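Data from structure_16.cif: mmCIF, C-alpha atoms and all ligand atoms
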data_target
#
loop_
_atom_site.label_atom_id
_atom_site.label_comp_id
_atom_site.auth_asym_id
_atom_site.auth_seq_id
_atom_site.Cartn_x
_atom_site.Cartn_y
_atom_site.Cartn_z
CA MET A 1 44.90 -18.33 -252.90
CA THR A 2 41.77 -18.13 -255.01
CA ASP A 3 38.06 -17.89 -254.39
CA ALA A 4 37.00 -19.29 -257.76
CA PRO A 5 36.17 -23.00 -257.89
CA LEU A 6 38.91 -25.33 -259.07
CA LEU A 7 38.92 -25.84 -262.81
CA ILE A 8 39.83 -29.36 -263.90
CA LEU A 9 41.43 -29.33 -267.33
CA PRO A 10 41.81 -32.25 -269.75
CA PRO A 11 45.36 -33.06 -270.88
CA ASP A 12 44.63 -32.06 -274.50
CA ALA A 13 45.81 -29.06 -276.54
CA ASP A 14 42.94 -26.87 -275.30
CA GLY A 15 43.52 -27.82 -271.65
CA LEU A 16 47.26 -27.14 -271.96
CA ALA A 17 46.60 -23.76 -273.59
CA ARG A 18 44.22 -22.79 -270.77
CA ALA A 19 46.78 -23.93 -268.18
CA ALA A 20 49.34 -21.65 -269.86
CA VAL A 21 46.94 -18.68 -269.66
CA PHE A 22 46.51 -19.19 -265.89
CA LEU A 23 50.29 -19.37 -265.46
CA ASP A 24 50.72 -16.24 -267.56
CA GLN A 25 48.25 -14.40 -265.32
CA GLY A 26 50.18 -15.40 -262.18
CA GLY A 27 47.84 -18.26 -261.28
CA LEU A 28 48.53 -21.65 -259.72
CA VAL A 29 48.14 -24.75 -261.89
CA ALA A 30 48.70 -28.32 -260.73
CA PHE A 31 49.87 -30.80 -263.36
CA PRO A 32 51.22 -34.36 -263.47
CA THR A 33 54.87 -35.25 -263.83
CA GLU A 34 56.24 -38.80 -263.98
CA THR A 35 57.16 -38.55 -260.25
CA VAL A 36 54.28 -36.76 -258.47
CA TYR A 37 51.84 -33.95 -259.29
CA GLY A 38 53.46 -30.51 -259.15
CA LEU A 39 51.90 -27.18 -258.16
CA GLY A 40 53.14 -24.81 -260.85
CA ALA A 41 53.56 -21.05 -261.04
CA ASP A 42 55.57 -18.66 -263.23
CA ALA A 43 59.09 -18.89 -261.74
CA ARG A 44 59.80 -15.26 -262.71
CA ASN A 45 56.71 -13.79 -261.03
CA ASP A 46 57.20 -13.03 -257.31
CA ARG A 47 53.48 -12.79 -256.58
CA ALA A 48 52.74 -16.08 -258.32
CA VAL A 49 55.55 -17.85 -256.45
CA ALA A 50 54.37 -16.35 -253.17
CA GLY A 51 51.02 -17.92 -254.00
CA ILE A 52 52.61 -21.38 -254.01
CA TYR A 53 53.98 -20.87 -250.50
CA ALA A 54 50.60 -19.59 -249.30
CA ALA A 55 48.59 -22.43 -250.88
CA LYS A 56 50.87 -25.11 -249.44
CA GLY A 57 51.47 -23.44 -246.07
CA ARG A 58 55.15 -23.96 -246.89
CA PRO A 59 57.92 -22.43 -244.75
CA SER A 60 59.34 -19.67 -246.92
CA PHE A 61 62.97 -20.77 -246.41
CA ASN A 62 62.33 -23.91 -248.42
CA PRO A 63 63.29 -23.33 -252.08
CA LEU A 64 61.47 -24.70 -255.12
CA ILE A 65 62.44 -26.75 -258.17
CA VAL A 66 62.23 -24.97 -261.54
CA HIS A 67 60.89 -27.07 -264.41
CA VAL A 68 61.97 -26.55 -268.01
CA PRO A 69 61.27 -28.59 -271.16
CA ASP A 70 64.89 -29.36 -272.08
CA ARG A 71 68.57 -28.93 -271.26
CA MET A 72 68.89 -25.96 -273.62
CA SER A 73 66.26 -24.00 -271.67
CA ALA A 74 68.01 -24.88 -268.39
CA GLU A 75 71.19 -23.20 -269.69
CA ASN A 76 69.37 -19.85 -269.49
CA TYR A 77 69.23 -20.09 -265.70
CA CYS A 78 72.23 -22.01 -264.37
CA VAL A 79 75.77 -23.21 -265.00
CA PHE A 80 76.55 -26.81 -266.00
CA ASN A 81 79.94 -28.28 -265.13
CA ASN A 82 81.11 -31.61 -266.63
CA ASP A 83 79.37 -33.75 -264.00
CA ALA A 84 76.09 -31.90 -264.49
CA ALA A 85 76.36 -32.17 -268.27
CA ARG A 86 76.96 -35.91 -268.06
CA LEU A 87 74.02 -36.50 -265.69
CA ALA A 88 71.68 -34.33 -267.78
CA ALA A 89 72.68 -36.13 -270.98
CA VAL A 90 71.81 -39.52 -269.50
CA PHE A 91 68.87 -38.84 -267.17
CA TRP A 92 66.96 -35.89 -268.71
CA PRO A 93 64.12 -35.87 -269.31
CA GLY A 94 63.53 -37.79 -266.10
CA ALA A 95 63.28 -38.02 -262.32
CA LEU A 96 66.54 -36.17 -261.61
CA THR A 97 66.82 -32.64 -260.19
CA LEU A 98 70.19 -30.90 -260.42
CA VAL A 99 71.24 -28.15 -258.00
CA LEU A 100 73.55 -25.82 -259.95
CA PRO A 101 75.03 -22.33 -259.62
CA LEU A 102 72.34 -19.77 -260.50
CA LEU A 103 73.15 -17.30 -263.27
CA PRO A 104 72.98 -13.79 -261.78
CA ASP A 105 70.73 -12.45 -264.56
CA ALA A 106 68.49 -15.52 -264.75
CA GLY A 107 65.39 -13.52 -263.85
CA ILE A 108 64.15 -16.24 -261.48
CA SER A 109 62.18 -14.92 -258.48
CA ARG A 110 64.24 -14.76 -255.28
CA LEU A 111 61.36 -16.57 -253.60
CA VAL A 112 62.05 -19.63 -255.77
CA THR A 113 65.62 -20.01 -254.50
CA ALA A 114 64.79 -18.68 -251.02
CA GLY A 115 67.76 -16.35 -251.45
CA LEU A 116 70.32 -19.12 -252.28
CA ASP A 117 72.78 -18.61 -255.13
CA THR A 118 71.97 -22.07 -256.49
CA LEU A 119 68.99 -23.29 -258.48
CA ALA A 120 67.28 -26.69 -258.45
CA VAL A 121 66.26 -27.49 -262.02
CA ARG A 122 64.53 -30.45 -263.63
CA VAL A 123 63.32 -31.58 -267.07
CA PRO A 124 60.28 -33.79 -266.44
CA ASP A 125 59.56 -36.85 -268.59
CA HIS A 126 55.79 -36.69 -268.81
CA PRO A 127 53.84 -35.64 -271.90
CA VAL A 128 51.46 -33.41 -269.90
CA ALA A 129 54.26 -31.70 -267.96
CA GLN A 130 56.14 -31.20 -271.22
CA GLY A 131 52.93 -29.88 -272.80
CA VAL A 132 52.38 -27.34 -270.01
CA LEU A 133 56.01 -26.16 -270.15
CA ARG A 134 55.99 -25.79 -273.92
CA ALA A 135 52.58 -24.09 -274.02
CA PHE A 136 53.70 -21.58 -271.36
CA GLY A 137 57.19 -21.13 -272.78
CA ARG A 138 58.78 -19.91 -269.54
CA PRO A 139 60.25 -21.65 -266.46
CA VAL A 140 57.72 -23.10 -264.00
CA ALA A 141 58.42 -23.37 -260.27
CA ALA A 142 56.64 -26.46 -258.93
CA PRO A 143 56.82 -28.20 -255.57
CA SER A 144 54.76 -31.31 -255.01
CA ALA A 145 51.06 -30.34 -255.03
CA ASN A 146 50.24 -31.19 -251.40
CA PRO A 147 49.80 -29.13 -248.24
CA SER A 148 53.25 -28.74 -246.63
CA GLY A 149 54.26 -31.76 -244.55
CA ARG A 150 51.47 -33.99 -245.89
CA ILE A 151 51.58 -36.93 -248.31
CA SER A 152 52.64 -36.14 -251.89
CA PRO A 153 49.96 -36.51 -254.61
CA THR A 154 50.18 -39.14 -257.33
CA THR A 155 46.63 -38.68 -258.70
CA ALA A 156 44.46 -35.68 -259.59
CA ALA A 157 42.06 -36.75 -256.81
CA HIS A 158 44.88 -36.45 -254.23
CA VAL A 159 45.56 -32.88 -255.40
CA GLN A 160 41.90 -31.95 -255.32
CA ALA A 161 41.47 -33.34 -251.79
CA GLY A 162 44.53 -31.51 -250.45
CA LEU A 163 44.54 -28.15 -252.25
CA GLY A 164 41.25 -28.05 -254.16
CA ASN A 165 40.03 -24.61 -253.01
CA ARG A 166 43.46 -22.96 -253.00
CA ILE A 167 44.55 -23.26 -256.64
CA ASN A 168 43.18 -22.11 -260.00
CA ALA A 169 43.41 -25.21 -262.18
CA LEU A 170 44.42 -28.85 -262.23
CA VAL A 171 45.38 -30.73 -265.38
CA ASP A 172 44.22 -34.33 -264.90
CA GLY A 173 46.75 -36.62 -266.55
CA GLY A 174 45.97 -39.81 -264.60
CA PRO A 175 48.22 -41.48 -262.03
CA CYS A 176 51.98 -40.78 -261.94
CA GLY A 177 54.19 -43.64 -263.14
CA VAL A 178 57.23 -43.34 -260.84
CA GLY A 179 55.37 -42.31 -257.69
CA VAL A 180 58.23 -40.87 -255.60
CA GLU A 181 59.84 -37.46 -256.11
CA SER A 182 62.93 -36.84 -258.20
CA THR A 183 66.40 -37.66 -256.93
CA ILE A 184 68.21 -34.39 -256.09
CA VAL A 185 71.94 -34.13 -256.82
CA SER A 186 74.02 -31.03 -256.15
CA CYS A 187 76.73 -30.39 -258.76
CA VAL A 188 78.15 -27.41 -256.92
CA GLY A 189 81.54 -28.89 -256.12
CA ARG A 190 81.74 -32.67 -255.68
CA PRO A 191 78.45 -34.28 -256.77
CA ALA A 192 76.32 -34.92 -253.69
CA LEU A 193 73.02 -36.71 -253.12
CA LEU A 194 70.57 -34.30 -251.44
CA ARG A 195 67.47 -36.49 -251.71
CA ALA A 196 67.02 -40.13 -252.76
CA GLY A 197 64.29 -40.41 -255.38
CA GLY A 198 63.05 -41.83 -258.65
CA ILE A 199 66.49 -42.37 -260.21
CA PRO A 200 68.44 -44.90 -258.11
CA THR A 201 71.74 -43.69 -256.63
CA GLU A 202 73.51 -46.69 -258.16
CA ALA A 203 72.62 -45.52 -261.69
CA LEU A 204 73.89 -41.98 -261.00
CA GLU A 205 77.18 -43.25 -259.60
CA ALA A 206 77.65 -45.55 -262.59
CA CYS A 207 77.15 -42.55 -264.90
CA LEU A 208 79.61 -40.37 -262.93
CA GLY A 209 82.11 -43.17 -262.43
CA ALA A 210 82.45 -42.07 -258.79
CA PRO A 211 80.47 -42.34 -255.57
CA LEU A 212 78.17 -39.45 -254.64
CA ALA A 213 78.73 -37.62 -251.36
CA LEU A 214 75.80 -38.68 -249.17
CA PRO A 215 73.32 -36.47 -247.25
CA ASP A 216 75.00 -37.14 -243.88
CA ASP A 217 78.46 -36.27 -245.26
CA PRO A 218 79.63 -32.93 -243.79
CA GLU A 219 80.69 -31.90 -247.33
CA THR A 220 77.12 -32.21 -248.61
CA PRO A 221 75.04 -29.02 -248.73
CA GLN A 222 71.64 -29.52 -247.14
CA ALA A 223 68.42 -29.46 -249.10
CA PRO A 224 66.52 -27.05 -246.83
CA GLY A 225 63.30 -28.96 -247.45
CA GLN A 226 64.48 -32.23 -245.98
CA LEU A 227 62.48 -31.84 -242.77
CA ALA A 228 62.57 -34.83 -240.45
CA SER A 229 58.76 -35.07 -240.30
CA HIS A 230 57.19 -35.07 -243.73
CA TYR A 231 54.90 -37.17 -245.93
CA ALA A 232 52.86 -37.69 -242.79
CA PRO A 233 49.61 -39.67 -242.83
CA GLN A 234 47.12 -39.00 -240.00
CA GLY A 235 48.06 -42.20 -238.13
CA THR A 236 51.30 -43.12 -236.37
CA VAL A 237 53.79 -45.14 -238.43
CA ARG A 238 55.91 -48.10 -237.21
CA LEU A 239 58.63 -49.33 -239.60
CA ASN A 240 60.21 -52.75 -240.21
CA ALA A 241 57.19 -54.57 -238.80
CA ASP A 242 56.93 -58.30 -239.46
CA HIS A 243 53.26 -58.30 -238.43
CA ALA A 244 50.52 -55.93 -237.24
CA GLU A 245 49.95 -55.61 -233.48
CA THR A 246 46.37 -55.27 -232.19
CA GLY A 247 44.95 -51.95 -233.39
CA GLU A 248 47.47 -51.60 -236.23
CA VAL A 249 46.85 -51.70 -239.97
CA LEU A 250 49.63 -53.44 -241.91
CA LEU A 251 51.07 -51.85 -245.05
CA GLY A 252 52.81 -54.86 -246.53
CA PHE A 253 55.63 -55.48 -248.97
CA GLY A 254 56.20 -58.91 -250.48
CA PRO A 255 54.20 -62.09 -249.81
CA VAL A 256 52.67 -61.16 -246.43
CA ALA A 257 49.04 -61.07 -245.29
CA ALA A 258 48.43 -57.31 -245.17
CA ASP A 259 45.53 -54.84 -245.27
CA LEU A 260 47.24 -53.00 -248.13
CA ASN A 261 50.29 -54.22 -250.02
CA LEU A 262 52.86 -52.04 -251.81
CA SER A 263 53.88 -54.99 -253.97
CA PRO A 264 52.89 -58.59 -253.18
CA THR A 265 55.69 -59.78 -255.48
CA GLY A 266 58.30 -57.57 -253.79
CA ASP A 267 58.84 -55.32 -256.82
CA LEU A 268 60.38 -51.98 -255.74
CA THR A 269 59.24 -50.11 -258.86
CA GLU A 270 55.62 -51.11 -258.20
CA ALA A 271 56.03 -50.22 -254.52
CA ALA A 272 57.34 -46.72 -255.32
CA ALA A 273 54.45 -46.11 -257.71
CA LYS A 274 51.89 -47.16 -255.06
CA LEU A 275 53.52 -45.70 -251.92
CA PHE A 276 51.77 -42.33 -251.64
CA ASP A 277 48.43 -43.69 -252.86
CA CYS A 278 48.55 -46.36 -250.14
CA LEU A 279 49.28 -43.66 -247.51
CA HIS A 280 46.34 -41.61 -248.84
CA GLN A 281 44.15 -44.75 -248.65
CA LEU A 282 45.23 -45.36 -245.05
CA ASP A 283 44.11 -41.80 -244.23
CA ALA A 284 40.79 -42.42 -245.96
CA MET A 285 40.35 -45.64 -243.91
CA GLY A 286 40.99 -43.63 -240.72
CA ALA A 287 43.97 -45.86 -239.82
CA ALA A 288 45.24 -44.59 -236.42
CA HIS A 289 48.26 -46.91 -236.22
CA ILE A 290 50.13 -48.09 -239.29
CA ALA A 291 52.76 -50.85 -239.33
CA VAL A 292 54.96 -51.18 -242.44
CA SER A 293 56.84 -54.26 -243.67
CA PRO A 294 60.63 -53.96 -244.13
CA ILE A 295 61.65 -52.64 -247.56
CA PRO A 296 65.07 -53.53 -249.05
CA ASP A 297 67.36 -50.47 -249.00
CA HIS A 298 68.69 -50.50 -252.56
CA GLY A 299 67.53 -49.03 -255.88
CA LEU A 300 64.14 -47.34 -255.47
CA GLY A 301 63.96 -48.88 -251.99
CA ARG A 302 66.20 -46.06 -250.75
CA ALA A 303 63.70 -43.41 -251.80
CA ILE A 304 60.81 -45.44 -250.34
CA ASN A 305 62.61 -45.89 -247.01
CA ASP A 306 63.54 -42.19 -246.93
CA ARG A 307 59.85 -41.21 -247.30
CA LEU A 308 58.72 -43.83 -244.76
CA ARG A 309 61.28 -42.67 -242.17
CA ARG A 310 59.98 -39.12 -242.50
CA ALA A 311 56.38 -40.35 -242.28
CA ALA A 312 57.33 -42.18 -239.05
CA ALA A 313 59.31 -39.29 -237.50
CA PRO A 314 58.00 -37.56 -234.36
CA ARG A 315 55.75 -34.62 -235.35
O1 LIG B 1 59.70 -34.96 -258.35
C1 LIG B 1 59.84 -33.82 -257.90
O2 LIG B 1 60.96 -33.34 -257.64
C2 LIG B 1 58.58 -33.00 -257.65
C3 LIG B 1 57.92 -32.72 -259.01
C4 LIG B 1 56.72 -31.85 -258.90
O3 LIG B 1 58.88 -32.18 -259.88
N1 LIG B 1 58.85 -31.80 -256.94
C5 LIG B 1 59.22 -31.80 -255.64
O4 LIG B 1 59.38 -30.53 -255.09
O5 LIG B 1 59.40 -32.80 -254.97
P1 LIG B 1 59.42 -30.24 -253.54
O6 LIG B 1 59.30 -28.76 -253.43
O7 LIG B 1 58.41 -31.04 -252.83
O8 LIG B 1 60.88 -30.62 -253.11
C6 LIG B 1 61.97 -29.82 -253.54
C7 LIG B 1 63.20 -30.09 -252.72
C8 LIG B 1 63.11 -29.51 -251.32
O9 LIG B 1 63.64 -30.47 -250.41
C9 LIG B 1 64.03 -28.28 -251.40
O10 LIG B 1 64.61 -27.94 -250.18
C10 LIG B 1 65.06 -28.75 -252.41
O11 LIG B 1 64.30 -29.45 -253.36
N2 LIG B 1 65.72 -27.62 -253.08
C11 LIG B 1 65.17 -26.73 -253.93
N3 LIG B 1 66.08 -25.82 -254.33
C12 LIG B 1 67.24 -26.14 -253.73
C13 LIG B 1 68.56 -25.60 -253.74
N4 LIG B 1 68.85 -24.51 -254.45
N5 LIG B 1 69.50 -26.21 -253.00
C14 LIG B 1 69.22 -27.33 -252.28
N6 LIG B 1 67.98 -27.88 -252.23
C15 LIG B 1 67.01 -27.31 -252.94
MG MG B 2 57.22 -32.12 -251.47
#
Let me see the structure of the file written as structure tokens.
Ligand code: TXA
Ligand code: MG
Amino acid sequence: MTDAPLLILPPDADGLARAAVFLDQGGLVAFPTETVYGLGADARNDRAVAGIYAAKGRPSFNPLIVHVPDRMSAENYCVFNNDAARLAAVFWPGALTLVLPLLPDAGISRLVTAGLDTLAVRVPDHPVAQGVLRAFGRPVAAPSANPSGRISPTTAAHVQAGLGNRINALVDGGPCGVGVESTIVSCVGRPALLRAGGIPTEALEACLGAPLALPDDPETPQAPGQLASHYAPQGTVRLNADHAETGEVLLGFGPVAADLNLSPTGDLTEAAAKLFDCLHQLDAMGAAHIAVSPIPDHGLGRAINDRLRRAAAPR
């Protein structure tokens, strides 16, 4: 936590250098990735990582994703088997997080892995995220930059509204292109989907030439952070609604008359990019009851439906 006012940095060389100085001093810096804004800290500094948990109000058993600029850097911290190597070759940089065996001498804070012997690692595909990682030169632990359990941020304004007085700096790189978090795949044993996300499951399976074990499969290790209630707006959420009842605000998808529409043309990529911003807007409107149109459950629709189910779960 910090007492100093939030410093908003431009995404230029000077801003990136200043972000790196904060990270080096154990500070908390939010920055954009192609999925959502992350709240970064030095992954090797226990105090800095503890600061992430404190700022987010995050349960300390929930481990963090480590961000590195490329596959070669990732090799310093974890072990790649053939499946992991194949996925990294095709989808990095990008919206894919791999859970891999942690190297014993990796030097990553135990708070990052919450004591697990695996590490979640990702190479983001965003020039500002890449710039921060390269300017700092060490691994950066970064969860989504929102208070725990709340809606993930896809703009600098979302971050400022949620965490503004609890972090040191925020690099403003504009809105995030993908809009939902990375897909998480465990490559410890048979490849398993831990979280649907920005890379569609179908593309991963095509790359592996085999189906992924799914989250409800007893073989699949659990991502500790997959809490039933998450991504919650202030209002209640009703899914698969074909219209709004009295007192409800409709979050539409496709050609329906709606207060807000994720994609009037029914484009899942557009809907993913707008999802969290629409939920933030519904909060700003004071929507007490939210109805949501059905979303097809393929491609990015799986990640959207996953987030909406958690937003609708009992709290
Ligand atoms: O797109 C993203 O992944 C964003 C950006 C900032 O990179 N980050 C993000 O982080 O969504 P977060 O902390 O909100 O979600 C991380 C998820 C949690 O569900 C956590 O339990 C899981 O990753 N996780 C982290 N380490 C793990 C591990 N070793 N084994 C299984 N799950 C892990
Ligand atoms: Mg999150």
message = Can you pull out the residues contacting Ile304 (chain A)? Cut-off 7 Å, using only C-alpha atoms, and skip same-chain residues under 4 positions away; I want them as a list in words.
response =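 Selected residues are Ala272, Leu300 and Leu308 of chain A.
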Using all atoms listed in the file, what are the residues with an atom within 8 Å of ligand LIG 1 (chain B), set out as a short mmCIF file (atom, residue, chain, number, x, y, z; two decimals) with C-alpha atoms, keeping the file's coordinate frame?
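Written out: selection_36.cif:
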data_model
loop_
_atom_site.label_atom_id
_atom_site.label_comp_id
_atom_site.auth_asym_id
_atom_site.auth_seq_id
_atom_site.Cartn_x
_atom_site.Cartn_y
_atom_site.Cartn_z
CA PRO A 32 51.22 -34.36 -263.47
CA THR A 33 54.87 -35.25 -263.83
CA GLU A 34 56.24 -38.80 -263.98
CA THR A 35 57.16 -38.55 -260.25
CA VAL A 36 54.28 -36.76 -258.47
CA TYR A 37 51.84 -33.95 -259.29
CA GLY A 38 53.46 -30.51 -259.15
CA LEU A 39 51.90 -27.18 -258.16
CA ASN A 62 62.33 -23.91 -248.42
CA PRO A 63 63.29 -23.33 -252.08
CA LEU A 64 61.47 -24.70 -255.12
CA ILE A 65 62.44 -26.75 -258.17
CA HIS A 67 60.89 -27.07 -264.41
CA ALA A 95 63.28 -38.02 -262.32
CA LEU A 96 66.54 -36.17 -261.61
CA THR A 97 66.82 -32.64 -260.19
CA VAL A 99 71.24 -28.15 -258.00
CA LEU A 100 73.55 -25.82 -259.95
CA VAL A 112 62.05 -19.63 -255.77
CA THR A 113 65.62 -20.01 -254.50
CA ALA A 114 64.79 -18.68 -251.02
CA LEU A 116 70.32 -19.12 -252.28
CA ASP A 117 72.78 -18.61 -255.13
CA THR A 118 71.97 -22.07 -256.49
CA LEU A 119 68.99 -23.29 -258.48
CA ALA A 120 67.28 -26.69 -258.45
CA VAL A 121 66.26 -27.49 -262.02
CA ARG A 122 64.53 -30.45 -263.63
CA PRO A 124 60.28 -33.79 -266.44
CA ALA A 142 56.64 -26.46 -258.93
CA PRO A 143 56.82 -28.20 -255.57
CA SER A 144 54.76 -31.31 -255.01
CA ALA A 145 51.06 -30.34 -255.03
CA SER A 152 52.64 -36.14 -251.89
CA VAL A 180 58.23 -40.87 -255.60
CA GLU A 181 59.84 -37.46 -256.11
CA SER A 182 62.93 -36.84 -258.20
CA THR A 183 66.40 -37.66 -256.93
CA ILE A 184 68.21 -34.39 -256.09
CA SER A 186 74.02 -31.03 -256.15
CA LEU A 194 70.57 -34.30 -251.44
CA ARG A 195 67.47 -36.49 -251.71
CA GLY A 197 64.29 -40.41 -255.38
CA GLY A 198 63.05 -41.83 -258.65
CA PRO A 221 75.04 -29.02 -248.73
CA GLN A 222 71.64 -29.52 -247.14
CA ALA A 223 68.42 -29.46 -249.10
CA PRO A 224 66.52 -27.05 -246.83
CA GLY A 225 63.30 -28.96 -247.45
CA GLN A 226 64.48 -32.23 -245.98
CA LEU A 227 62.48 -31.84 -242.77
#
task = Could you give me, as a PyMOL selection string, the residues that have an atom at most 8 Å away from the point (40.4, -26.4, -261.9) in the coordinates of the file, using all atoms listed in the file?
result = chain A and resi 5-9+29+164+167-171
Go ahead and save the residues from that selection, with C-alpha atoms, as a compact mmCIF listing (two decimals), in the coordinates of the input.
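result-v3.txt was written with the following content:
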# COMPACT_ATOMS: atom_id res chain seq x y z
CA PRO A 5 36.17 -23.00 -257.89
CA LEU A 6 38.91 -25.33 -259.07
CA LEU A 7 38.92 -25.84 -262.81
CA ILE A 8 39.83 -29.36 -263.90
CA LEU A 9 41.43 -29.33 -267.33
CA VAL A 29 48.14 -24.75 -261.89
CA GLY A 164 41.25 -28.05 -254.16
CA ILE A 167 44.55 -23.26 -256.64
CA ASN A 168 43.18 -22.11 -260.00
CA ALA A 169 43.41 -25.21 -262.18
CA LEU A 170 44.42 -28.85 -262.23
CA VAL A 171 45.38 -30.73 -265.38
inquiry  = So that I can see what lies close to Gly27 (chain A), please list as a list in words the residues with an atom at most 7 Å from it, counting all atoms listed in the file and leaving out residues fewer than 4 positions away in the same chain.
reply    = Phe22, Leu23, Ala41, Ala48 and Asn168 of chain A
task = Check the smallest atom-to-atom distance from each of A:Tyr231, A:Phe253, A:Phe136, A:Trp92 to Gly15 (chain A) using all atoms listed in the file, then report the winner.
result =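 Smallest distance to Gly15 (chain A) is found for A:Phe136.
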key: Nearest-residue call for ligand MG 2 (chain B), choices A:Lys274, A:His230, A:His243, A:Arg310, using only C-alpha atoms and all ligand atoms   =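 Of A:Lys274, A:His230, A:His243, A:Arg310, the one nearest ligand MG 2 (chain B) is A:His230, counting only C-alpha atoms and all ligand atoms.
Picture a line from CA of Val188 (chain A) to CA of Thr269 (chain A); it runs 29.6 Å.
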request  = Would you please work out which residue, of A:Arg150, A:Arg166, A:His289, A:His158, is nearest to Arg315 (chain A) when using only C-alpha atoms?
outcome  = A:Arg150
query = Taking into account all atoms listed in the file, which residue in the set A:Pro11, A:Gly299, A:Pro147, A:Gly266 is nearest to ligand MG 2 (chain B)?
reply =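 Comparing A:Pro11, A:Gly299, A:Pro147, A:Gly266 against ligand MG 2 (chain B), the winner is A:Pro147.
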request  = Quick one: everything within 12 Å of Asp24 (chain A), counting all atoms listed in the file, minus sequence neighbours fewer than 2 positions away in the same chain. Send it as a ChimeraX atom specification.
outcome  = /A:17-22,26-29,40-45,47-48,132-133,135-140
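The interatomic distance for the pair CA of Gly177 (chain A) and CA of Pro93 (chain A) works out to 14.0 Å.
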note = A straight line from CA of Leu111 (chain A) to CA of Gly51 (chain A) spans 10.4 Å
message = I'd like to know which of A:Gln234, A:Asn261, A:Gln130, A:Ser148 is closest to ligand MG 2 (chain B), using all atoms listed in the file.
response = A:Ser148
key: Among the residues A:Asn305, A:Thr236, A:Ser229, A:Asn146, the one that comes closest to Ala55 (chain A) [using all atoms listed in the file]   =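 Once distances to Ala55 (chain A) are computed over all atoms listed in the file, the minimum belongs to A:Asn146.
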For region 7-11 of chain A, supply all heavy atoms and report the output as a tab-separated table (two decimals), in the frame of the given file.
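What ended up in rebuild_2.tsv:
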chain	number	residue	atom	x	y	z
A	7	LEU	N	39.23	-25.42	-261.45
A	7	LEU	CA	38.92	-25.84	-262.81
A	7	LEU	C	39.74	-27.08	-263.14
A	7	LEU	O	40.97	-27.03	-263.05
A	7	LEU	CB	39.27	-24.69	-263.76
A	7	LEU	CG	38.85	-24.85	-265.20
A	7	LEU	CD1	37.33	-24.93	-265.32
A	7	LEU	CD2	39.39	-23.68	-266.01
A	8	ILE	N	39.09	-28.16	-263.51
A	8	ILE	CA	39.83	-29.36	-263.90
A	8	ILE	C	39.93	-29.40	-265.41
A	8	ILE	O	38.92	-29.37	-266.11
A	8	ILE	CB	39.15	-30.63	-263.34
A	8	ILE	CG1	39.11	-30.48	-261.81
A	8	ILE	CG2	39.91	-31.89	-263.78
A	8	ILE	CD1	38.89	-31.72	-261.03
A	9	LEU	N	41.18	-29.42	-265.89
A	9	LEU	CA	41.43	-29.33	-267.33
A	9	LEU	C	41.82	-30.69	-267.88
A	9	LEU	O	42.57	-31.44	-267.23
A	9	LEU	CB	42.56	-28.34	-267.60
A	9	LEU	CG	42.31	-26.89	-267.15
A	9	LEU	CD1	43.60	-26.08	-267.25
A	9	LEU	CD2	41.22	-26.27	-268.01
A	10	PRO	N	41.36	-31.01	-269.10
A	10	PRO	CA	41.81	-32.25	-269.75
A	10	PRO	C	43.23	-32.06	-270.29
A	10	PRO	O	43.63	-30.94	-270.57
A	10	PRO	CB	40.81	-32.43	-270.89
A	10	PRO	CG	40.39	-31.03	-271.24
A	10	PRO	CD	40.43	-30.23	-269.94
A	11	PRO	N	43.97	-33.19	-270.45
A	11	PRO	CA	45.36	-33.06	-270.88
A	11	PRO	C	45.49	-32.96	-272.40
A	11	PRO	O	46.41	-33.52	-272.98
A	11	PRO	CB	45.99	-34.37	-270.37
A	11	PRO	CG	44.86	-35.34	-270.40
A	11	PRO	CD	43.60	-34.57	-270.12
